[in-house]
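Read the structure below first, then the notes.
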Amino acid sequence: MTFFQLMRRNAWRKPLRATLLMFSVGVAFLIYGLTASFLSGSQGAAGASDTLLGVFNKAGRAQPLPLAYLNRIAADGDAAAVAYMTRMRGFVDVEKNVVMTSAVEPRLIAAANGVELGLTPQLIAALEESRDRVLVGRALAEAQGWSVGQRIGVTSQLTREDGSRDWSFEIAGIFEGADASTDTYFMIARYDAINEARARGKDTVDGFVVRPRPGVSSGVLAAQIDALFANSAAPTRTQSEKQFLEAFLRQFADIGLIVSLVVGAAFVTILMIAVNTMLFAVRERGFEIGVMKVLGFSSGRIMALILGETLFVFVAGGAGGLVLAKLATVLTGPEFGLAFTMPVLLKSVAIIAGLGLATGLLPAANAMRLPIINAFRSR
């Protein structure tokens, strides 16, 4: 019998106990996998950019900025690219089916944010072919079942000059985003078409997107931009994409703290249960441990055997929980923005290894120090 076979059989000595322990570990890592996927996905701030800047009205995002600010921001030598956008909230078919549209100048947004959004020259060219064309994010297209060439209708809070709130668009292409953490649950329309047709707010924008030049600190550039408009009728607040998302999420709650508390509580509970279970299991096998020592098993091999058993339990249970978390991120749909990324997986593996070793350390140390005579008395 090999060392691994002995370890596995000892772990399954009490199948019900082993199964329940693996199930508990699996639940803990299911919770961790889902919460970590939320933070790393498009609804969290983990994948947001530290360098890409957003310029908004200091009074709040609901207040517009003059389009004329574009030239003054672009004139700053530290700005590599500047784009503007107006957000149009609406719904398709029913009010609960909410979609968001960003009205932009195609070539400017491609220069400022095209890499992150996956805006290829072909997509930009397709958007420019007609004023009623839009690009749809992959997540939104999959959720709605839309395809290229389809015409869609959006009922928006933005009123047209004729009094209607209905906007009609043709899908010119679908953008993928740079990775799974990129938010693609929205559409990109042409600003000139939206601006000309809307009844109010002409020649204003909701904000600007600014990409600093290489080597330029985003914080320094943000301060320079805000200084430009400090004494204007509409002063600005400039933040990185990550800063904005973190501030936005903190309006509701400190998501990172909540996730840490929930996951920490789950792992501490599992650690206590697993340590107690393994201590009891080692105590049950006192006589066998004594026999192993008589047969020549060194204290190090006995310790490795106990640590291997706990690692086996955590690997089996943790793998099951992570597989369920991955399936959940796939089945919940793109609108939830969950992303079970490679960093999440690698961190999960590290936690599994750490908890497995920590759980088995005390039982293994007790087994290693157990005198042979005391082990035989436990028979």
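Chain labels run A, B, ... following the order of the structure tokens; each chain numbers its residues from 1, and ligands are numbered from 1 in the order shown.
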Skipping near chain neighbours, those fewer than 4 positions away, what residues fall within 9 Å of Asp179 (chain A) using only C-alpha atoms, listed as a count of residues only?
-> 3
Residues at most 7 Å from Ala112 (chain A), counting only C-alpha atoms, excluding those fewer than 6 positions away in the same chain, as a ChimeraX atom specification?
-> /A:81-83,209-211
Same residues, N, CA, C and O atoms, saved as a CSV table (one decimal), in the first residue's frame:
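Result saved to part.csv:
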chain,number,residue,atom,x,y,z
A,81,ALA,N,-5.7,61.3,-24.5
A,81,ALA,CA,-6.9,61.2,-25.2
A,81,ALA,C,-8.1,61.6,-24.3
A,81,ALA,O,-8.1,61.3,-23.1
A,82,VAL,N,-9.1,62.3,-24.9
A,82,VAL,CA,-10.2,62.7,-24.2
A,82,VAL,C,-11.5,62.4,-25.0
A,82,VAL,O,-11.5,62.6,-26.2
A,83,ALA,N,-12.5,61.8,-24.4
A,83,ALA,CA,-13.8,61.5,-25.0
A,83,ALA,C,-14.9,62.0,-24.1
A,83,ALA,O,-14.7,62.3,-22.9
A,209,VAL,N,-14.1,61.2,-20.5
A,209,VAL,CA,-13.2,60.1,-20.2
A,209,VAL,C,-11.8,60.5,-20.6
A,209,VAL,O,-11.6,60.9,-21.8
A,210,VAL,N,-10.8,60.5,-19.7
A,210,VAL,CA,-9.5,61.0,-20.0
A,210,VAL,C,-8.5,59.9,-19.8
A,210,VAL,O,-8.5,59.3,-18.7
A,211,ARG,N,-7.6,59.7,-20.8
A,211,ARG,CA,-6.5,58.8,-20.6
A,211,ARG,C,-5.2,59.6,-20.5
A,211,ARG,O,-4.9,60.3,-21.4
Hey, which bits of region 172-249 of chain A sit within 9 Å of region 143-151 of chain A, and for each residue what's the closest pair of atoms and how far apart in Å (one decimal), counting only C-alpha atoms, rows by chain and increasing number, as a Markdown table?
| residue | atom | partner | partner_atom | distance |
| --- | --- | --- | --- | --- |
| A:Ala172 | CA | A:Val148 | CA | 5.7 |
| A:Gly173 | CA | A:Val148 | CA | 5.4 |
| A:Ile174 | CA | A:Val148 | CA | 7.1 |
| A:Tyr185 | CA | A:Ala143 | CA | 8.6 |
I'd like a table as JSON lines: residues in region 155-267 of chain A with an atom no more than 9 Å from region 68-75 of chain A, each row giving the shortest atom pair and its distance in Å to one decimal, only C-alpha atoms counted, sorted by chain and rising residue number.
{"residue": "A:Asp203", "atom": "CA", "partner": "A:Ala68", "partner_atom": "CA", "distance": 8.0}
{"residue": "A:Thr204", "atom": "CA", "partner": "A:Ala68", "partner_atom": "CA", "distance": 8.2}
{"residue": "A:Phe208", "atom": "CA", "partner": "A:Leu70", "partner_atom": "CA", "distance": 7.6}
{"residue": "A:Val210", "atom": "CA", "partner": "A:Ile73", "partner_atom": "CA", "distance": 8.4}
{"residue": "A:Ile225", "atom": "CA", "partner": "A:Ile73", "partner_atom": "CA", "distance": 6.6}
{"residue": "A:Leu228", "atom": "CA", "partner": "A:Arg72", "partner_atom": "CA", "distance": 7.9}
{"residue": "A:Phe229", "atom": "CA", "partner": "A:Tyr69", "partner_atom": "CA", "distance": 8.7}
How about saving the chosen residues, C-alpha atoms kept, as a CSV table (one decimal), in the first residue's frame?
chain,number,residue,atom,x,y,z
A,203,ASP,CA,-24.5,70.4,-26.3
A,204,THR,CA,-24.1,69.0,-22.7
A,208,PHE,CA,-15.6,63.0,-20.0
A,210,VAL,CA,-9.5,61.0,-20.0
A,225,ILE,CA,-8.4,69.2,-14.7
A,228,LEU,CA,-9.2,74.3,-14.9
A,229,PHE,CA,-12.9,74.6,-13.9
What separation in Å, quoted to one decimal, exists between CA of Phe340 (chain A) and CA of Leu327 (chain A)?
-> 9.4 Å
Record the distance separating CA of Phe314 (chain A) and CA of Leu21 (chain A), expressed in Å with one decimal.
->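 If I compute the distance from CA of Phe314 (chain A) to CA of Leu21 (chain A), I get 8.6 Å.
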Which is closest to Arg237 (chain A) among A:Phe312, A:Phe56, A:Trp167, A:Phe186, if we use only C-alpha atoms?
->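 Answer, going by the shortest atom-to-atom distance: A:Phe56.
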Report as a Markdown table: every residue of region 157-240 of chain A with an atom at most 10 Å from region 120-140 of chain A, its closest pair of atoms, and their distance in Å to one decimal, counting only C-alpha atoms, with rows sorted by chain and ascending residue number.
| residue | atom | partner | partner_atom | distance |
| --- | --- | --- | --- | --- |
| A:Trp167 | CA | A:Asp132 | CA | 9.0 |
| A:Ser168 | CA | A:Asp132 | CA | 7.1 |
| A:Phe169 | CA | A:Asp132 | CA | 5.1 |
| A:Glu170 | CA | A:Arg133 | CA | 4.8 |
| A:Ile171 | CA | A:Val134 | CA | 5.1 |
| A:Ala172 | CA | A:Val134 | CA | 5.6 |
| A:Gly173 | CA | A:Leu135 | CA | 5.0 |
| A:Ile174 | CA | A:Val136 | CA | 4.8 |
| A:Phe175 | CA | A:Gly137 | CA | 5.0 |
| A:Glu176 | CA | A:Arg138 | CA | 5.2 |
| A:Gly177 | CA | A:Gly137 | CA | 7.6 |
| A:Ala180 | CA | A:Ala139 | CA | 9.8 |
| A:Thr182 | CA | A:Ala139 | CA | 9.7 |
| A:Asp183 | CA | A:Ala139 | CA | 7.9 |
| A:Thr184 | CA | A:Gly137 | CA | 4.3 |
| A:Tyr185 | CA | A:Leu140 | CA | 4.4 |
| A:Phe186 | CA | A:Gly137 | CA | 5.6 |
| A:Met187 | CA | A:Val136 | CA | 4.4 |
| A:Ile188 | CA | A:Leu135 | CA | 5.0 |
| A:Ala189 | CA | A:Val134 | CA | 4.6 |
| A:Arg190 | CA | A:Arg131 | CA | 6.5 |
| A:Tyr191 | CA | A:Arg131 | CA | 9.0 |
| A:Asp192 | CA | A:Arg131 | CA | 7.8 |
| A:Ala193 | CA | A:Arg131 | CA | 5.6 |
| A:Ile194 | CA | A:Arg131 | CA | 8.8 |
DSSP helix (DSSP H, G or I) residues within region 5-164 of chain A, listed as a ChimeraX atom specification | /A:5-11,15-40,69-74,106-117,121-128,138-144
Write the residues of the selection above to a file with C-alpha atoms, as a compact mmCIF listing (two decimals), in the first residue's frame.
# COMPACT_ATOMS: atom_id res chain seq x y z
CA GLN A 5 -3.48 5.11 -0.45
CA LEU A 6 -2.98 4.88 3.31
CA MET A 7 -3.74 8.57 3.68
CA ARG A 8 -6.89 8.31 1.56
CA ARG A 9 -8.20 5.26 3.42
CA ASN A 10 -7.63 6.91 6.78
CA ALA A 11 -9.54 9.96 5.58
CA PRO A 15 -17.42 7.89 5.40
CA LEU A 16 -20.30 9.87 6.91
CA ARG A 17 -17.99 12.05 8.99
CA ALA A 18 -15.67 12.65 6.03
CA THR A 19 -18.59 13.47 3.72
CA LEU A 20 -20.11 15.97 6.15
CA LEU A 21 -16.75 17.63 6.69
CA MET A 22 -16.14 17.88 2.94
CA PHE A 23 -19.64 19.27 2.49
CA SER A 24 -18.97 21.98 5.10
CA VAL A 25 -15.70 22.90 3.41
CA GLY A 26 -17.47 22.94 0.04
CA VAL A 27 -20.14 25.35 1.30
CA ALA A 28 -17.48 27.69 2.67
CA PHE A 29 -15.63 27.79 -0.64
CA LEU A 30 -18.88 28.16 -2.57
CA ILE A 31 -19.53 31.32 -0.54
CA TYR A 32 -15.98 32.50 -1.11
CA GLY A 33 -16.07 31.74 -4.83
CA LEU A 34 -19.29 33.71 -5.36
CA THR A 35 -18.24 36.73 -3.31
CA ALA A 36 -14.78 36.85 -4.89
CA SER A 37 -16.38 36.53 -8.35
CA PHE A 38 -18.61 39.49 -7.54
CA LEU A 39 -15.66 41.65 -6.50
CA SER A 40 -13.59 40.66 -9.54
CA TYR A 69 -15.03 71.64 -21.76
CA LEU A 70 -13.65 69.08 -24.24
CA ASN A 71 -11.18 71.44 -25.91
CA ARG A 72 -9.85 72.78 -22.61
CA ILE A 73 -9.23 69.30 -21.24
CA ALA A 74 -7.67 68.10 -24.49
CA PRO A 106 -16.97 56.99 -31.92
CA ARG A 107 -13.36 57.85 -32.71
CA LEU A 108 -12.80 59.75 -29.48
CA ILE A 109 -14.08 56.92 -27.27
CA ALA A 110 -12.01 54.43 -29.25
CA ALA A 111 -8.87 56.46 -28.53
CA ALA A 112 -9.67 56.99 -24.85
CA ASN A 113 -11.27 53.71 -23.81
CA GLY A 114 -11.25 51.46 -26.86
CA VAL A 115 -8.72 48.94 -25.54
CA GLU A 116 -10.70 48.20 -22.36
CA LEU A 117 -14.01 47.93 -24.22
CA PRO A 121 -11.56 49.74 -36.03
CA GLN A 122 -14.18 47.55 -37.77
CA LEU A 123 -16.72 48.19 -35.00
CA ILE A 124 -16.07 51.94 -35.03
CA ALA A 125 -16.47 52.02 -38.82
CA ALA A 126 -19.75 50.10 -38.57
CA LEU A 127 -21.05 52.54 -35.95
CA GLU A 128 -20.20 55.53 -38.16
CA ARG A 138 -21.59 41.08 -25.28
CA ALA A 139 -23.23 40.68 -21.86
CA LEU A 140 -26.26 42.75 -22.88
CA ALA A 141 -26.57 41.03 -26.27
CA GLU A 142 -26.55 37.57 -24.67
CA ALA A 143 -29.03 38.58 -21.97
CA GLN A 144 -31.47 40.06 -24.53
Exercise: region 269-278 of chain A partners within 12 Å, only C-alpha atoms, chain neighbours under 4 positions left out, as a PyMOL selection string = chain A and resi 10-11+13-14+17-18+20-29+262-265+282-285+306-311+313-314+317-318+351-352+354-367
Create the file for the chosen residues now, containing N, CA and C atoms and written as a compact mmCIF listing (two decimals), in the first residue's frame.
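Here's the written file selection-v9.txt:
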# COMPACT_ATOMS: atom_id res chain seq x y z
N ASN A 10 -7.43 6.36 5.44
CA ASN A 10 -7.63 6.91 6.78
C ASN A 10 -8.65 8.05 6.75
N ALA A 11 -8.58 8.86 5.70
CA ALA A 11 -9.54 9.96 5.58
C ALA A 11 -10.96 9.44 5.43
N ARG A 13 -12.09 6.62 6.69
CA ARG A 13 -12.35 5.61 7.71
C ARG A 13 -13.80 5.69 8.18
N LYS A 14 -14.28 6.91 8.39
CA LYS A 14 -15.69 7.13 8.74
C LYS A 14 -16.32 7.91 7.59
N ARG A 17 -18.70 10.91 8.40
CA ARG A 17 -17.99 12.05 8.99
C ARG A 17 -17.17 12.79 7.92
N ALA A 18 -16.48 12.04 7.08
CA ALA A 18 -15.67 12.65 6.03
C ALA A 18 -16.54 13.41 5.04
N LEU A 20 -19.57 14.75 5.55
CA LEU A 20 -20.11 15.97 6.15
C LEU A 20 -19.05 17.06 6.26
N LEU A 21 -17.82 16.65 6.58
CA LEU A 21 -16.75 17.63 6.69
C LEU A 21 -16.43 18.23 5.32
N MET A 22 -16.38 17.39 4.30
CA MET A 22 -16.14 17.88 2.94
C MET A 22 -17.28 18.79 2.48
N PHE A 23 -18.50 18.44 2.85
CA PHE A 23 -19.64 19.27 2.49
C PHE A 23 -19.53 20.65 3.13
N SER A 24 -19.12 20.70 4.40
CA SER A 24 -18.97 21.98 5.10
C SER A 24 -17.88 22.83 4.44
N VAL A 25 -16.78 22.18 4.09
CA VAL A 25 -15.70 22.90 3.41
C VAL A 25 -16.18 23.40 2.05
N GLY A 26 -16.94 22.56 1.35
CA GLY A 26 -17.47 22.94 0.04
C GLY A 26 -18.38 24.15 0.11
N VAL A 27 -19.24 24.21 1.13
CA VAL A 27 -20.14 25.35 1.30
C VAL A 27 -19.34 26.62 1.54
N ALA A 28 -18.31 26.51 2.38
CA ALA A 28 -17.48 27.69 2.67
C ALA A 28 -16.82 28.22 1.41
N PHE A 29 -16.31 27.33 0.57
CA PHE A 29 -15.63 27.79 -0.64
C PHE A 29 -16.61 28.17 -1.74
N VAL A 262 -18.04 38.05 6.01
CA VAL A 262 -18.81 36.82 5.73
C VAL A 262 -17.87 35.66 5.45
N VAL A 263 -16.88 35.88 4.59
CA VAL A 263 -15.94 34.81 4.25
C VAL A 263 -15.10 34.44 5.46
N GLY A 264 -14.65 35.45 6.22
CA GLY A 264 -13.85 35.16 7.40
C GLY A 264 -14.62 34.33 8.41
N ALA A 265 -15.89 34.67 8.64
CA ALA A 265 -16.71 33.90 9.58
C ALA A 265 -16.88 32.46 9.11
N VAL A 282 -7.83 11.44 15.43
CA VAL A 282 -6.50 11.00 15.85
C VAL A 282 -6.57 10.30 17.19
N ARG A 283 -7.40 10.82 18.09
CA ARG A 283 -7.55 10.19 19.41
C ARG A 283 -8.12 8.78 19.27
N GLU A 284 -9.03 8.59 18.33
CA GLU A 284 -9.60 7.26 18.08
C GLU A 284 -8.55 6.26 17.62
N ARG A 285 -7.55 6.76 16.90
CA ARG A 285 -6.55 5.88 16.28
C ARG A 285 -5.25 5.84 17.05
N ILE A 306 -1.06 12.67 8.76
CA ILE A 306 -2.20 13.40 9.30
C ILE A 306 -2.44 14.67 8.48
N LEU A 307 -1.37 15.39 8.14
CA LEU A 307 -1.53 16.60 7.33
C LEU A 307 -2.09 16.26 5.95
N GLY A 308 -1.67 15.13 5.40
CA GLY A 308 -2.19 14.69 4.10
C GLY A 308 -3.67 14.41 4.16
N GLU A 309 -4.13 13.82 5.27
CA GLU A 309 -5.57 13.53 5.41
C GLU A 309 -6.38 14.83 5.40
N THR A 310 -5.93 15.82 6.18
CA THR A 310 -6.68 17.08 6.22
C THR A 310 -6.63 17.79 4.87
N LEU A 311 -5.48 17.75 4.20
CA LEU A 311 -5.38 18.34 2.87
C LEU A 311 -6.31 17.65 1.89
N VAL A 313 -9.16 16.18 2.56
CA VAL A 313 -10.53 16.61 2.85
C VAL A 313 -10.78 18.01 2.31
N PHE A 314 -9.83 18.92 2.53
CA PHE A 314 -10.02 20.31 2.08
C PHE A 314 -9.95 20.41 0.56
N GLY A 317 -13.35 18.87 -0.74
CA GLY A 317 -14.48 19.75 -0.44
C GLY A 317 -14.35 21.10 -1.13
N GLY A 318 -13.14 21.69 -1.08
CA GLY A 318 -12.92 22.99 -1.71
C GLY A 318 -13.12 22.94 -3.21
N ILE A 351 -5.74 29.33 -0.32
CA ILE A 351 -6.51 29.26 0.93
C ILE A 351 -6.78 27.80 1.30
N ILE A 352 -7.08 26.98 0.31
CA ILE A 352 -7.30 25.54 0.57
C ILE A 352 -6.06 24.93 1.19
N GLY A 354 -3.58 26.47 2.72
CA GLY A 354 -3.31 27.05 4.03
C GLY A 354 -4.22 26.50 5.11
N LEU A 355 -5.53 26.43 4.84
CA LEU A 355 -6.47 25.90 5.83
C LEU A 355 -6.24 24.42 6.08
N GLY A 356 -5.93 23.67 5.02
CA GLY A 356 -5.67 22.25 5.18
C GLY A 356 -4.49 21.99 6.10
N LEU A 357 -3.41 22.73 5.91
CA LEU A 357 -2.23 22.57 6.76
C LEU A 357 -2.49 23.07 8.17
N ALA A 358 -3.19 24.22 8.30
CA ALA A 358 -3.48 24.76 9.62
C ALA A 358 -4.38 23.83 10.42
N THR A 359 -5.34 23.20 9.72
CA THR A 359 -6.26 22.30 10.41
C THR A 359 -5.55 21.05 10.92
N GLY A 360 -4.64 20.52 10.13
CA GLY A 360 -3.98 19.27 10.51
C GLY A 360 -2.78 19.44 11.40
N LEU A 361 -2.33 20.68 11.61
CA LEU A 361 -1.09 20.89 12.35
C LEU A 361 -1.18 20.41 13.79
N LEU A 362 -2.22 20.80 14.54
CA LEU A 362 -2.35 20.41 15.94
C LEU A 362 -2.59 18.91 16.09
N PRO A 363 -3.55 18.29 15.34
CA PRO A 363 -3.70 16.83 15.43
C PRO A 363 -2.42 16.09 15.05
N ALA A 364 -1.72 16.56 14.03
CA ALA A 364 -0.49 15.89 13.60
C ALA A 364 0.59 16.00 14.68
N ALA A 365 0.68 17.18 15.31
CA ALA A 365 1.68 17.35 16.37
C ALA A 365 1.37 16.44 17.56
N ASN A 366 0.08 16.29 17.91
CA ASN A 366 -0.30 15.39 19.00
C ASN A 366 0.04 13.95 18.67
N ALA A 367 -0.23 13.55 17.42
CA ALA A 367 0.09 12.18 17.02
C ALA A 367 1.59 11.94 17.02
Selected residue, from A:Val154, A:Gln239, A:Gly60, A:Leu119, that lies nearest to Asp93 (chain A) when counting only C-alpha atoms | A:Val154
Strand (DSSP E or B) per DSSP on the backbone: members of region 38-130 of chain A, as a PyMOL selection string | chain A and resi 53-57+65-66+79-91+98-104
Measuring atom to atom with only C-alpha atoms, identify which of A:Arg198, A:Pro343, A:Met303, A:Leu221 is nearest to Asp166 (chain A).
->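 Counting only C-alpha atoms, the residue closest to Asp166 (chain A) is A:Arg198.
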Might you pull out every residue within 12 Å of Gly90 (chain A), with only C-alpha atoms counted and same-chain residues fewer than 6 positions away left off, and present them as a PyMOL selection string?
-> chain A and resi 96-102+153-159+165-168+186-187
Could you please take those selected residues and save N, CA and C atoms as a PDB file, in the first residue's frame?
ATOM      1  N   LYS A  96     -39.080  46.727 -16.339  1.00  0.00           N
ATOM      2  CA  LYS A  96     -38.068  46.030 -15.559  1.00  0.00           C
ATOM      3  C   LYS A  96     -36.849  45.660 -16.397  1.00  0.00           C
ATOM      4  N   ASN A  97     -37.010  45.643 -17.696  1.00  0.00           N
ATOM      5  CA  ASN A  97     -35.909  45.267 -18.591  1.00  0.00           C
ATOM      6  C   ASN A  97     -35.098  46.518 -18.934  1.00  0.00           C
ATOM      7  N   VAL A  98     -34.310  46.964 -17.967  1.00  0.00           N
ATOM      8  CA  VAL A  98     -33.584  48.228 -18.073  1.00  0.00           C
ATOM      9  C   VAL A  98     -32.299  48.043 -18.885  1.00  0.00           C
ATOM     10  N   VAL A  99     -32.045  48.988 -19.771  1.00  0.00           N
ATOM     11  CA  VAL A  99     -30.788  49.014 -20.524  1.00  0.00           C
ATOM     12  C   VAL A  99     -30.204  50.422 -20.446  1.00  0.00           C
ATOM     13  N   MET A 100     -28.885  50.508 -20.556  1.00  0.00           N
ATOM     14  CA  MET A 100     -28.198  51.783 -20.509  1.00  0.00           C
ATOM     15  C   MET A 100     -27.486  52.016 -21.834  1.00  0.00           C
ATOM     16  N   THR A 101     -27.584  53.230 -22.326  1.00  0.00           N
ATOM     17  CA  THR A 101     -26.940  53.601 -23.585  1.00  0.00           C
ATOM     18  C   THR A 101     -25.979  54.759 -23.333  1.00  0.00           C
ATOM     19  N   SER A 102     -24.765  54.620 -23.821  1.00  0.00           N
ATOM     20  CA  SER A 102     -23.781  55.707 -23.746  1.00  0.00           C
ATOM     21  C   SER A 102     -23.661  56.342 -25.114  1.00  0.00           C
ATOM     22  N   GLY A 153     -36.023  48.722 -30.149  1.00  0.00           N
ATOM     23  CA  GLY A 153     -36.643  49.952 -29.674  1.00  0.00           C
ATOM     24  C   GLY A 153     -36.403  50.138 -28.191  1.00  0.00           C
ATOM     25  N   VAL A 154     -36.028  51.340 -27.785  1.00  0.00           N
ATOM     26  CA  VAL A 154     -35.757  51.656 -26.383  1.00  0.00           C
ATOM     27  C   VAL A 154     -36.646  52.814 -25.962  1.00  0.00           C
ATOM     28  N   THR A 155     -37.359  52.632 -24.871  1.00  0.00           N
ATOM     29  CA  THR A 155     -38.143  53.714 -24.285  1.00  0.00           C
ATOM     30  C   THR A 155     -37.297  54.352 -23.197  1.00  0.00           C
ATOM     31  N   SER A 156     -36.945  55.612 -23.372  1.00  0.00           N
ATOM     32  CA  SER A 156     -35.971  56.264 -22.499  1.00  0.00           C
ATOM     33  C   SER A 156     -36.599  57.397 -21.712  1.00  0.00           C
ATOM     34  N   GLN A 157     -35.907  57.798 -20.625  1.00  0.00           N
ATOM     35  CA  GLN A 157     -36.324  58.987 -19.880  1.00  0.00           C
ATOM     36  C   GLN A 157     -35.941  60.247 -20.632  1.00  0.00           C
ATOM     37  N   LEU A 158     -35.121  60.109 -21.686  1.00  0.00           N
ATOM     38  CA  LEU A 158     -34.692  61.242 -22.491  1.00  0.00           C
ATOM     39  C   LEU A 158     -35.744  61.517 -23.568  1.00  0.00           C
ATOM     40  N   THR A 159     -36.358  62.686 -23.506  1.00  0.00           N
ATOM     41  CA  THR A 159     -37.461  63.025 -24.406  1.00  0.00           C
ATOM     42  C   THR A 159     -36.927  63.591 -25.724  1.00  0.00           C
ATOM     43  N   ARG A 165     -40.690  59.413 -26.310  1.00  0.00           N
ATOM     44  CA  ARG A 165     -39.568  58.880 -25.550  1.00  0.00           C
ATOM     45  C   ARG A 165     -39.047  57.589 -26.170  1.00  0.00           C
ATOM     46  N   ASP A 166     -39.519  57.286 -27.365  1.00  0.00           N
ATOM     47  CA  ASP A 166     -39.132  56.052 -28.042  1.00  0.00           C
ATOM     48  C   ASP A 166     -37.973  56.310 -29.012  1.00  0.00           C
ATOM     49  N   TRP A 167     -36.926  55.483 -28.870  1.00  0.00           N
ATOM     50  CA  TRP A 167     -35.752  55.584 -29.717  1.00  0.00           C
ATOM     51  C   TRP A 167     -35.554  54.249 -30.424  1.00  0.00           C
ATOM     52  N   SER A 168     -35.232  54.296 -31.698  1.00  0.00           N
ATOM     53  CA  SER A 168     -35.047  53.084 -32.496  1.00  0.00           C
ATOM     54  C   SER A 168     -33.597  53.016 -32.979  1.00  0.00           C
ATOM     55  N   PHE A 186     -24.217  47.262 -21.690  1.00  0.00           N
ATOM     56  CA  PHE A 186     -24.742  48.545 -22.142  1.00  0.00           C
ATOM     57  C   PHE A 186     -24.530  48.680 -23.642  1.00  0.00           C
ATOM     58  N   MET A 187     -25.088  49.755 -24.225  1.00  0.00           N
ATOM     59  CA  MET A 187     -24.947  50.025 -25.647  1.00  0.00           C
ATOM     60  C   MET A 187     -24.164  51.319 -25.853  1.00  0.00           C
TER      61      MET A 187
END
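Of note, CA of Ser164 (chain A) and CA of Arg200 (chain A) are spaced 12.6 Å apart.
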